[in-house]
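Peer 1: Data: coords_33.txt, compact mmCIF, C-alpha atoms.
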# COMPACT_ATOMS: atom_id res chain seq x y z
CA MET A 771 14.61 -84.91 2.65
CA LYS A 772 11.02 -84.56 3.69
CA ARG A 773 11.90 -82.04 6.33
CA THR A 774 13.78 -80.01 3.74
CA LEU A 775 10.79 -79.99 1.36
CA ASN A 776 8.41 -79.00 4.15
CA GLY A 777 10.74 -76.18 5.17
CA SER A 778 10.91 -74.82 1.60
CA SER A 779 7.19 -75.09 1.27
CA GLY A 780 6.68 -73.07 4.47
CA THR A 781 9.07 -70.39 3.27
CA PHE A 782 7.23 -70.21 -0.07
CA ARG A 783 3.89 -69.83 1.68
CA LYS A 784 5.24 -66.96 3.78
CA MET A 785 6.69 -65.20 0.73
CA THR A 786 3.41 -65.60 -1.13
CA ALA A 787 1.46 -64.10 1.74
CA VAL A 788 3.83 -61.10 1.89
CA ALA A 789 3.52 -60.54 -1.85
CA ILE A 790 -0.26 -60.63 -1.75
CA ALA A 791 -0.28 -58.16 1.15
CA ALA A 792 1.99 -55.83 -0.83
CA VAL A 793 -0.34 -55.98 -3.85
CA ILE A 794 -3.36 -55.20 -1.67
CA ALA A 795 -1.54 -52.29 0.00
CA ALA A 796 -0.50 -50.90 -3.36
CA ALA A 797 -4.04 -51.18 -4.65
CA CYS A 798 -5.40 -49.42 -1.59
CA SER A 799 -2.80 -46.68 -1.96
CA LYS A 800 -3.64 -46.21 -5.64
CA ASN A 801 -7.37 -46.04 -4.89
CA SER A 802 -6.67 -43.51 -2.15
CA VAL A 803 -4.80 -41.22 -4.56
CA SER A 804 -7.31 -41.56 -7.35
CA THR A 805 -10.29 -40.70 -5.16
CA ASN A 806 -8.77 -37.54 -3.58
CA THR A 807 -7.44 -35.55 -6.52
CA LYS A 808 -9.67 -32.49 -6.01
CA PRO A 809 -8.00 -29.59 -4.13
CA GLN A 810 -9.25 -29.16 -0.61
CA LEU A 811 -11.17 -25.91 -0.15
CA PRO A 812 -10.47 -23.89 2.98
CA ALA A 813 -13.02 -23.80 5.73
CA GLU A 814 -15.65 -21.13 5.04
CA ALA A 815 -14.69 -20.90 1.37
CA ILE A 816 -16.83 -18.37 -0.49
CA THR A 817 -17.72 -20.41 -3.57
CA GLY A 818 -20.52 -18.24 -4.91
CA THR A 819 -18.97 -15.59 -7.11
CA THR A 820 -21.96 -13.22 -7.35
CA LEU A 821 -22.32 -11.21 -4.16
CA LYS A 822 -25.33 -8.93 -3.95
CA GLY A 823 -24.34 -7.40 -0.62
CA GLY A 824 -24.89 -8.10 3.04
CA ALA A 825 -22.76 -9.69 5.76
CA ILE A 826 -20.04 -12.06 4.63
CA LYS A 827 -17.13 -13.90 6.18
CA GLY A 828 -14.75 -16.59 5.07
CA VAL A 829 -12.27 -16.95 2.23
CA MET A 830 -12.43 -15.48 -1.25
CA LEU A 831 -10.63 -18.08 -3.32
CA GLY A 832 -7.48 -17.56 -5.32
CA ASP A 833 -7.83 -17.31 -9.10
CA SER A 834 -11.60 -16.78 -8.77
CA THR A 835 -13.45 -13.72 -10.08
CA TYR A 836 -16.19 -12.26 -7.90
CA THR A 837 -18.77 -9.63 -8.75
CA VAL A 838 -20.05 -7.40 -5.94
CA SER A 839 -23.21 -5.38 -6.60
CA GLY A 840 -24.16 -4.25 -3.08
CA ASP A 841 -22.52 -3.08 0.12
CA ILE A 842 -20.51 -5.78 1.90
CA TYR A 843 -20.28 -5.96 5.70
CA VAL A 844 -17.71 -7.89 7.72
CA LEU A 845 -19.22 -8.06 11.20
CA PRO A 846 -17.23 -7.43 14.41
CA SER A 847 -16.51 -11.08 15.20
CA ASP A 848 -15.88 -12.11 11.58
CA THR A 849 -12.91 -12.22 9.22
CA LEU A 850 -12.76 -11.87 5.46
CA THR A 851 -9.65 -13.41 3.89
CA VAL A 852 -8.74 -12.97 0.23
CA GLN A 853 -6.32 -15.39 -1.42
CA PRO A 854 -3.65 -14.60 -4.05
CA GLY A 855 -5.01 -14.20 -7.55
CA ALA A 856 -8.60 -13.38 -6.57
CA THR A 857 -10.26 -10.60 -8.61
CA VAL A 858 -13.21 -8.65 -7.23
CA ASN A 859 -15.22 -6.46 -9.59
CA ILE A 860 -17.36 -3.94 -7.71
CA THR A 861 -20.40 -2.22 -9.24
CA ASN A 862 -23.23 0.11 -8.14
CA ASN A 863 -20.92 2.29 -6.01
CA SER A 864 -20.79 -0.54 -3.47
CA ALA A 865 -18.36 -0.43 -0.53
CA PHE A 866 -16.77 -2.81 1.95
CA TYR A 867 -17.63 -1.91 5.53
CA ILE A 868 -15.13 -3.65 7.80
CA GLN A 869 -16.21 -3.97 11.43
CA GLY A 870 -14.15 -7.11 12.02
CA THR A 871 -10.96 -8.18 10.28
CA ILE A 872 -9.88 -8.07 6.65
CA ILE A 873 -6.80 -9.95 5.39
CA SER A 874 -6.09 -9.51 1.69
CA VAL A 875 -2.74 -11.10 0.93
CA GLY A 876 -1.71 -11.66 -2.65
CA SER A 877 1.77 -12.32 -3.99
CA LYS A 878 4.12 -10.63 -6.42
CA ASP A 879 3.11 -13.04 -9.18
CA SER A 880 -0.56 -13.32 -8.17
CA PRO A 881 -1.83 -10.09 -6.62
CA VAL A 882 -5.36 -9.67 -5.34
CA VAL A 883 -7.34 -7.16 -7.44
CA PHE A 884 -10.25 -4.99 -6.30
CA THR A 885 -11.48 -2.93 -9.24
CA SER A 886 -14.44 -1.71 -11.28
CA PRO A 887 -15.47 -2.77 -14.78
CA VAL A 888 -15.47 0.99 -15.51
CA GLN A 889 -11.83 2.08 -15.39
CA GLN A 890 -12.46 5.59 -14.05
CA PRO A 891 -12.09 7.24 -10.61
CA GLY A 892 -14.89 6.96 -8.07
CA GLN A 893 -16.68 3.83 -9.27
CA TRP A 894 -17.07 2.16 -5.88
CA GLY A 895 -16.90 3.04 -2.20
CA GLY A 896 -13.56 1.56 -1.10
CA PHE A 897 -12.84 -0.01 2.28
CA GLN A 898 -14.48 1.83 5.15
CA CYS A 899 -12.91 0.40 8.30
CA ASP A 900 -14.18 2.81 10.92
CA SER A 901 -14.65 0.12 13.58
CA ALA A 902 -12.36 -2.62 12.25
CA LYS A 903 -10.43 -4.99 14.51
CA ALA A 904 -7.45 -5.43 12.13
CA VAL A 905 -6.62 -4.40 8.58
CA THR A 906 -4.03 -6.16 6.41
CA PHE A 907 -3.46 -5.61 2.70
CA LYS A 908 -0.41 -7.06 0.92
CA TRP A 909 0.23 -7.34 -2.81
CA THR A 910 -3.27 -6.04 -3.49
CA LYS A 911 -4.42 -3.70 -6.26
CA ILE A 912 -7.22 -1.32 -5.23
CA ASN A 913 -8.33 0.77 -8.19
CA TRP A 914 -11.01 3.39 -8.98
CA ALA A 915 -12.48 3.68 -5.48
CA GLY A 916 -13.81 6.71 -3.60
CA GLY A 917 -17.34 6.92 -4.95
CA PRO A 918 -19.74 9.17 -2.99
CA ASP A 919 -21.48 8.26 0.25
CA SER A 920 -25.15 8.95 0.96
CA THR A 921 -24.41 12.66 1.46
CA GLY A 922 -22.57 12.96 -1.84
CA SER A 923 -19.12 13.20 -0.21
CA THR A 924 -16.24 11.26 -1.68
CA ARG A 925 -14.87 8.33 0.29
CA GLN A 926 -11.32 7.26 1.07
CA THR A 927 -9.90 4.25 -0.71
CA ILE A 928 -8.93 2.80 2.69
CA GLY A 929 -10.36 4.67 5.68
CA ILE A 930 -9.64 3.60 9.28
CA SER A 931 -10.89 5.09 12.55
CA SER A 932 -10.02 2.34 15.03
CA PRO A 933 -6.92 2.17 17.28
CA ILE A 934 -5.73 -1.06 15.66
CA ASN A 935 -2.80 -2.56 13.81
CA VAL A 936 -2.78 -1.49 10.16
CA ASP A 937 -0.46 -3.32 7.77
CA ILE A 938 -0.44 -2.19 4.12
CA GLU A 939 2.51 -3.46 2.09
CA ASP A 940 3.41 -3.82 -1.60
CA CYS A 941 -0.02 -2.62 -2.74
CA TRP A 942 -1.22 -0.41 -5.60
CA LEU A 943 -3.86 2.30 -4.98
CA ILE A 944 -4.86 4.03 -8.20
CA GLY A 945 -7.45 6.64 -9.11
CA GLY A 946 -9.35 7.11 -5.86
CA GLN A 947 -11.49 10.17 -5.20
CA ASP A 948 -10.20 11.09 -1.74
CA ASN A 949 -7.33 9.95 0.48
CA GLY A 950 -5.60 6.80 -0.62
CA ILE A 951 -4.96 5.73 2.98
CA GLY A 952 -6.58 7.71 5.79
CA VAL A 953 -6.01 6.75 9.42
CA TYR A 954 -7.87 8.82 12.02
CA SER A 955 -7.09 7.09 15.30
CA ALA A 956 -4.29 6.01 17.61
CA ALA A 957 -3.49 3.13 15.27
CA THR A 958 -0.09 1.51 14.78
CA VAL A 959 0.73 1.50 11.09
CA THR A 960 3.18 -0.35 8.86
CA ILE A 961 2.90 1.16 5.38
CA LEU A 962 5.69 -0.10 3.15
CA ARG A 963 6.57 -0.26 -0.57
CA ASN A 964 3.18 0.81 -1.92
CA THR A 965 2.49 2.62 -5.19
CA ILE A 966 -0.19 5.33 -4.90
CA TYR A 967 -1.18 7.13 -8.11
CA GLY A 968 -3.67 9.90 -8.77
CA GLU A 969 -5.62 10.00 -5.51
CA GLY A 970 -8.12 12.79 -4.81
CA THR A 971 -10.27 15.14 -6.85
CA THR A 972 -9.83 18.71 -5.56
CA ASP A 973 -8.77 17.33 -2.18
CA GLY A 974 -7.30 14.16 -0.81
CA GLU A 975 -3.84 13.01 0.24
CA GLY A 976 -1.89 9.94 -0.72
CA ILE A 977 -1.47 9.04 2.96
CA ASP A 978 -3.25 11.04 5.69
CA PHE A 979 -2.73 10.56 9.45
CA HIS A 980 -4.64 12.14 12.34
CA ALA A 981 -5.35 11.65 16.04
CA GLY A 982 -2.36 9.76 17.40
CA VAL A 983 -1.08 7.48 14.64
CA THR A 984 2.31 5.86 15.28
CA GLY A 985 4.45 3.59 13.12
CA THR A 986 6.45 3.52 9.91
CA VAL A 987 5.93 4.80 6.36
CA ALA A 988 8.72 3.82 3.99
CA TYR A 989 9.60 3.00 0.36
CA ASN A 990 6.27 4.25 -1.01
CA VAL A 991 5.90 5.91 -4.43
CA ILE A 992 3.22 8.61 -4.36
CA TRP A 993 2.46 10.42 -7.59
CA GLY A 994 -0.08 13.01 -8.64
CA GLY A 995 -2.22 13.37 -5.52
CA ALA A 996 -4.65 16.27 -5.21
CA GLY A 997 -3.17 17.28 -1.86
CA SER A 998 -0.05 16.14 -0.04
CA GLY A 999 1.77 12.92 -0.72
CA ILE A 1000 2.07 12.27 3.03
CA LYS A 1001 0.24 14.33 5.66
CA VAL A 1002 1.07 13.96 9.37
CA PHE A 1003 -1.43 15.70 11.64
CA THR A 1004 -2.60 15.26 15.21
CA SER A 1005 -5.45 17.73 15.75
CA SER A 1006 -6.04 21.45 15.52
CA THR A 1007 -7.06 21.51 19.18
CA VAL A 1008 -6.10 18.24 20.92
CA GLN A 1009 -2.41 17.46 21.41
CA ILE A 1010 -2.67 13.98 22.93
CA PRO A 1011 -2.43 11.26 21.69
CA GLU A 1012 0.22 12.68 19.39
CA THR A 1013 0.75 11.54 15.83
CA ASN A 1014 4.40 10.52 15.68
CA VAL A 1015 5.66 8.47 12.75
CA THR A 1016 8.91 7.57 11.03
CA VAL A 1017 8.78 8.54 7.36
CA TYR A 1018 11.75 7.55 5.22
CA ASN A 1019 12.79 6.61 1.69
CA ASN A 1020 9.55 7.65 0.01
CA THR A 1021 9.39 9.08 -3.53
CA CYS A 1022 6.76 11.84 -3.87
CA VAL A 1023 6.25 13.41 -7.31
CA ASP A 1024 3.77 15.96 -8.75
CA ASN A 1025 1.59 16.19 -5.65
CA GLY A 1026 -0.55 19.15 -4.58
CA PHE A 1027 -1.70 20.80 -7.80
CA ARG A 1028 -5.38 19.93 -7.95
CA ARG A 1029 -5.92 21.62 -4.60
CA GLY A 1030 -4.08 24.64 -5.97
CA ALA A 1031 -2.69 27.83 -4.48
CA ALA A 1032 -5.45 28.29 -1.90
CA GLU A 1033 -4.16 25.26 0.03
CA PRO A 1034 -1.12 23.84 -1.76
CA GLY A 1035 -0.33 20.20 -1.32
CA ARG A 1036 3.09 19.14 -0.15
CA GLY A 1037 5.38 16.26 -0.80
CA ILE A 1038 5.34 15.80 2.98
CA LEU A 1039 3.38 17.92 5.47
CA VAL A 1040 4.12 17.81 9.23
CA ASP A 1041 1.40 19.79 10.98
CA ALA A 1042 -0.82 20.37 14.02
CA PHE A 1043 0.99 19.04 17.11
CA SER A 1044 2.59 16.15 15.24
CA ALA A 1045 6.16 14.87 15.47
CA GLY A 1046 8.35 12.21 13.85
CA LYS A 1047 11.47 11.43 11.84
CA TYR A 1048 11.76 12.35 8.14
CA TYR A 1049 14.78 11.09 6.23
CA ASN A 1050 15.88 9.98 2.76
CA ASN A 1051 12.72 11.15 0.99
CA LEU A 1052 12.91 12.08 -2.70
CA LEU A 1053 10.62 15.05 -3.41
CA VAL A 1054 10.23 16.07 -7.05
CA ASN A 1055 7.93 18.69 -8.62
CA ASN A 1056 5.54 18.90 -5.68
CA TYR A 1057 3.69 22.20 -5.16
CA TYR A 1058 5.52 22.48 -1.82
CA GLY A 1059 8.33 20.16 -0.75
CA LEU A 1060 8.74 19.42 2.98
CA ASP A 1061 6.61 21.67 5.17
CA ILE A 1062 7.11 21.45 8.94
CA THR A 1063 4.63 24.04 10.10
CA PRO A 1064 4.78 26.30 13.20
CA SER A 1065 1.92 24.31 14.75
CA SER A 1066 3.89 21.05 14.63
CA ASP A 1067 5.67 19.63 17.69
CA PHE A 1068 8.90 20.90 16.17
CA ALA A 1069 10.99 20.05 19.23
CA ASN A 1070 10.27 16.39 18.55
CA VAL A 1071 10.80 16.47 14.79
CA SER A 1072 14.07 15.33 13.24
CA TYR A 1073 14.84 15.38 9.51
CA GLY A 1074 17.63 15.32 6.99
CA ASN A 1075 19.09 13.65 3.89
CA ASN A 1076 16.01 14.66 1.90
CA TYR A 1077 16.32 15.31 -1.83
CA PHE A 1078 14.53 18.22 -3.58
CA TYR A 1079 14.27 18.63 -7.34
CA ALA A 1080 12.02 20.52 -9.74
CA THR A 1081 11.76 21.12 -13.46
CA VAL A 1082 9.48 24.15 -13.01
CA ASP A 1083 11.20 27.40 -11.95
CA SER A 1084 8.40 28.56 -9.67
CA LEU A 1085 8.80 25.51 -7.43
CA PHE A 1086 12.41 26.01 -6.37
CA THR A 1087 11.54 28.51 -3.64
CA PHE A 1088 8.99 26.15 -2.12
CA PHE A 1089 11.17 23.15 -1.28
CA TYR A 1090 10.95 24.42 2.32
CA PRO A 1091 8.06 26.87 1.91
CA PRO A 1092 8.01 30.36 3.46
CA GLY A 1093 6.78 30.26 7.05
CA SER A 1094 7.87 26.68 7.56
CA LEU A 1095 9.99 25.86 10.60
CA GLY A 1096 11.79 23.35 8.44
CA LYS A 1097 15.05 24.64 6.95
CA PRO A 1098 17.58 23.17 4.53
CA GLN A 1099 19.90 20.71 6.23
CA SER A 1100 23.55 20.14 5.42
CA THR A 1101 22.72 16.54 4.52
CA ASP A 1102 19.96 17.51 2.05
CA LEU A 1103 20.39 17.46 -1.71
CA ILE A 1104 18.73 20.62 -3.04
CA SER A 1105 18.62 21.45 -6.73
CA THR A 1106 19.26 25.04 -7.75
CA GLY A 1107 17.77 24.79 -11.23
CA SER A 1108 16.31 22.42 -13.78
CA GLY A 1109 18.96 19.89 -14.68
CA ASN A 1110 20.98 20.50 -11.53
CA LEU A 1111 20.90 17.36 -9.38
CA ASP A 1112 18.46 15.58 -11.68
CA PRO A 1113 17.67 12.36 -9.77
CA MET A 1114 17.73 10.45 -13.08
CA PHE A 1115 14.45 8.53 -13.07
CA VAL A 1116 14.31 5.65 -15.54
CA GLY A 1117 11.13 7.04 -17.11
CA TYR A 1118 9.48 10.37 -16.29
CA THR A 1119 8.47 13.55 -18.07
CA THR A 1120 6.94 16.57 -16.35
CA PRO A 1121 3.18 16.64 -17.07
CA PRO A 1122 2.22 19.75 -19.09
CA ASP A 1123 -0.60 20.36 -16.59
CA PRO A 1124 0.01 18.55 -13.28
CA SER A 1125 -3.49 19.43 -12.07
CA LEU A 1126 -4.93 17.04 -14.65
CA ARG A 1127 -5.28 13.53 -13.30
CA ILE A 1128 -3.91 10.86 -15.53
CA VAL A 1129 -2.69 7.38 -14.75
CA PRO A 1130 0.65 7.20 -16.51
CA THR A 1131 1.73 3.89 -17.93
CA SER A 1132 5.24 4.96 -18.87
CA PHE A 1133 6.47 6.53 -15.62
CA ASP A 1134 9.21 4.57 -13.88
CA PHE A 1135 10.68 6.08 -10.72
CA HIS A 1136 13.55 3.64 -10.42
CA LEU A 1137 16.90 5.42 -10.44
CA LYS A 1138 19.44 5.04 -13.20
CA SER A 1139 22.96 4.04 -12.37
CA GLY A 1140 24.87 7.17 -11.38
CA SER A 1141 21.88 8.94 -9.82
CA PRO A 1142 22.97 11.53 -7.19
CA ALA A 1143 20.44 9.92 -4.83
CA LEU A 1144 22.45 6.72 -4.57
CA GLY A 1145 24.73 6.50 -1.55
CA LYS A 1146 23.51 9.80 -0.06
CA GLY A 1147 20.99 8.50 2.45
CA ASN A 1148 21.10 8.42 6.23
CA SER A 1149 22.39 4.89 6.79
CA THR A 1150 20.21 4.43 9.88
CA TYR A 1151 17.43 3.93 7.33
CA ASN A 1152 19.13 3.22 4.00
CA ASN A 1153 22.31 4.26 2.20
CA ASP A 1154 20.23 5.52 -0.75
CA ILE A 1155 17.49 8.15 -1.05
CA GLY A 1156 14.04 7.43 -2.46
CA ALA A 1157 11.78 4.39 -2.70
CA TYR A 1158 13.99 2.33 -5.02
CA THR A 1159 17.25 1.31 -3.39
CA THR A 1160 20.22 -0.74 -4.49
CA ASP A 1161 20.04 -3.11 -1.51
CA GLY A 1162 16.73 -4.64 -2.66
CA LYS A 1163 14.83 -3.50 0.44
CA GLY A 1164 12.90 -0.79 -1.37
CA ASN A 1165 9.76 -0.72 -3.48
CA GLN A 1166 9.28 -3.98 -5.38
CA HIS A 1167 7.01 -2.67 -8.16
Taking this structure as input, can you express it in the form of structure tokens?
Peer 2:
Amino acid sequence: MKRTLNGSSGTFRKMTAVAIAAVIAAACSKNSVSTNTKPQLPAEAITGTTLKGGAIKGVMLGDSTYTVSGDIYVLPSDTLTVQPGATVNITNNSAFYIQGTIISVGSKDSPVVFTSPVQQPGQWGGFQCDSAKAVTFKWTKINWAGGPDSTGSTRQTIGISSPINVDIEDCWLIGGQDNGIGVYSAATVTILRNTIYGEGTTDGEGIDFHAGVTGTVAYNVIWGGAGSGIKVFTSSTVQIPETNVTVYNNTCVDNGFRRGAAEPGRGILVDAFSAGKYYNNLLVNNYYGLDITPSSDFANVSYGNNYFYATVDSLFTFFYPPGSLGKPQSTDLISTGSGNLDPMFVGYTTPPDPSLRIVPTSFDFHLKSGSPALGKGNSTYNNDIGAYTTDGKGNQH
């Protein structure tokens, strides 16, 4: 009997010890949770939101609003990262000079925004990346850039002169004073699904390549540029390295009118020892349509399945302009008059004066069901023509 009682007592003592240990562990766990509720900031977080200029590196934090009042420099060995939801207001015609790496990656629901408190073209200097190591913008809005440099010349919204990787996807570039994207080097580019509205004053392209650019340009919507929607150019004198890009499923509308008849802008211009592949592009109401000039490397240019439409009678003869080596292809869709082969945009009316720069809020270049552009693309790239496609791979805006 005694042995039985002692055995029960020992078991009780063991159970009590286990219970006490469990209570202590639970208490420690609870204290651990309660004392670490603040979100962990990334290393090199930029917590000060007023930036007066100078060299910076680190991480601009998501859902924070920064004010920049002086030129920003990212030095050659440094990286500036911008998180989803960050807003950067730039004043005093300040610019970002990228000598190192910039990574601005927002999301569809929380884009990064670079803008000016004054919602007018040319309020700040854009991103000048002449000696950058890498440039990445995704789901980023870049508005009202292109303000003058020290000589009074307008600046590109994104300007790059380094032979680097350039990745610009799902971004908005609105109301710049010169080129939206200008790459003047043997860079490798991936430029996909961007919306580029109203770039350039009396000059400036939506996308401008020189000096040996290679890569892909696809699913972009480019409206109302001063010059060409997409310009592909090597050099007037130097043939190597050659600019050679694949340009497909872009929608280019109302480009080329602010530069006017002296040097008309094109939907797409292939010029000056440049080559490439040009398919499935939807070109509507541009001053000229697709111009593959005699100075291009025409032997290494392929094209087809492009769609040409105009609502202005004078534009019909300029889909392939006089003097161009480019000629209508059997796979093209070419309108013969207003209303014939209307691509059926969801929301678009021809501007009464396309040389006037506006930022339309009601334009929608998605295609209605039954559009002639659907199912008429070169399937190597997409079954549809234009930036908005039925397979979900196209422009996401």
Peer 1: Which polymer residues, whether protein, DNA or RNA, lie within 8 Å of the coordinate (10.7, 21.0, -9.5) when you count only C-alpha atoms? List them as a list in words, using the chain letters and numbers from the file.
Peer 2: Val1054, Asn1055, Asn1056, Phe1078, Tyr1079, Ala1080, Thr1081, Val1082, Asp1083, Ser1084, Leu1085, Phe1086 and Ser1108 of chain A
Peer 1: Would you work out the distance separating atom CA of A:Val1002 from atom CA of A:Ala1042, expressed in Å to one decimal?
Peer 2: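 Taking atom CA of A:Val1002 and atom CA of A:Ala1042, their separation equals 8.1 Å.
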Peer 1: Of the residues A:Ala988, A:Ile873, A:Gly995, A:Pro1034, which is the one nearest to A:Asn1152, using all atoms listed in the file?
Peer 2: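 With all atoms listed in the file as the atom set, the closest residue is A:Ala988.
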Peer 1: Please identify all polymer residues within 12 Å of A:Gln853, counting all atoms listed in the file, omitting same-chain residues fewer than 3 positions from it, and present them as number ranges by chain.
Peer 2: A: 811-812, 815-816, 828-835, 850, 856-858, 872-877, 880-883, 907-910
Peer 1: With only C-alpha atoms as the atoms that count, which of A:Gly855, A:Gly1046, A:Gly1096, A:Pro1064 lies nearest to A:Gly985?
Peer 2: A:Gly1046
Peer 1: At a cut-off of 8 Å, using all atoms listed in the file, what residues contact stretch 818-825 of chain A? Leave out same-chain residues fewer than 2 positions from it and give the result as an mmCIF file with C-alpha atoms, in the coordinates of the input.
Peer 2:
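To be explicit, this is the file written out as part30.cif:
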data_model
loop_
_atom_site.group_PDB
_atom_site.id
_atom_site.type_symbol
_atom_site.label_atom_id
_atom_site.label_comp_id
_atom_site.auth_asym_id
_atom_site.auth_seq_id
_atom_site.Cartn_x
_atom_site.Cartn_y
_atom_site.Cartn_z
ATOM 1 C CA ILE A 816 -16.830 -18.370 -0.490
ATOM 2 C CA LYS A 827 -17.130 -13.900 6.180
ATOM 3 C CA SER A 834 -11.600 -16.780 -8.770
ATOM 4 C CA THR A 835 -13.450 -13.720 -10.080
ATOM 5 C CA TYR A 836 -16.190 -12.260 -7.900
ATOM 6 C CA THR A 837 -18.770 -9.630 -8.750
ATOM 7 C CA VAL A 838 -20.050 -7.400 -5.940
ATOM 8 C CA SER A 839 -23.210 -5.380 -6.600
ATOM 9 C CA GLY A 840 -24.160 -4.250 -3.080
ATOM 10 C CA ASP A 841 -22.520 -3.080 0.120
ATOM 11 C CA ILE A 842 -20.510 -5.780 1.900
ATOM 12 C CA TYR A 843 -20.280 -5.960 5.700
ATOM 13 C CA VAL A 844 -17.710 -7.890 7.720
ATOM 14 C CA LEU A 845 -19.220 -8.060 11.200
#
Peer 1: Point out the residue among A:Ser1072, A:Ile992, A:Gly1037, A:Pro1113 with the least atom-to-atom distance to A:Leu1095, counting only C-alpha atoms.
Peer 2: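 That would be A:Ser1072, the residue with the smallest distance to A:Leu1095.
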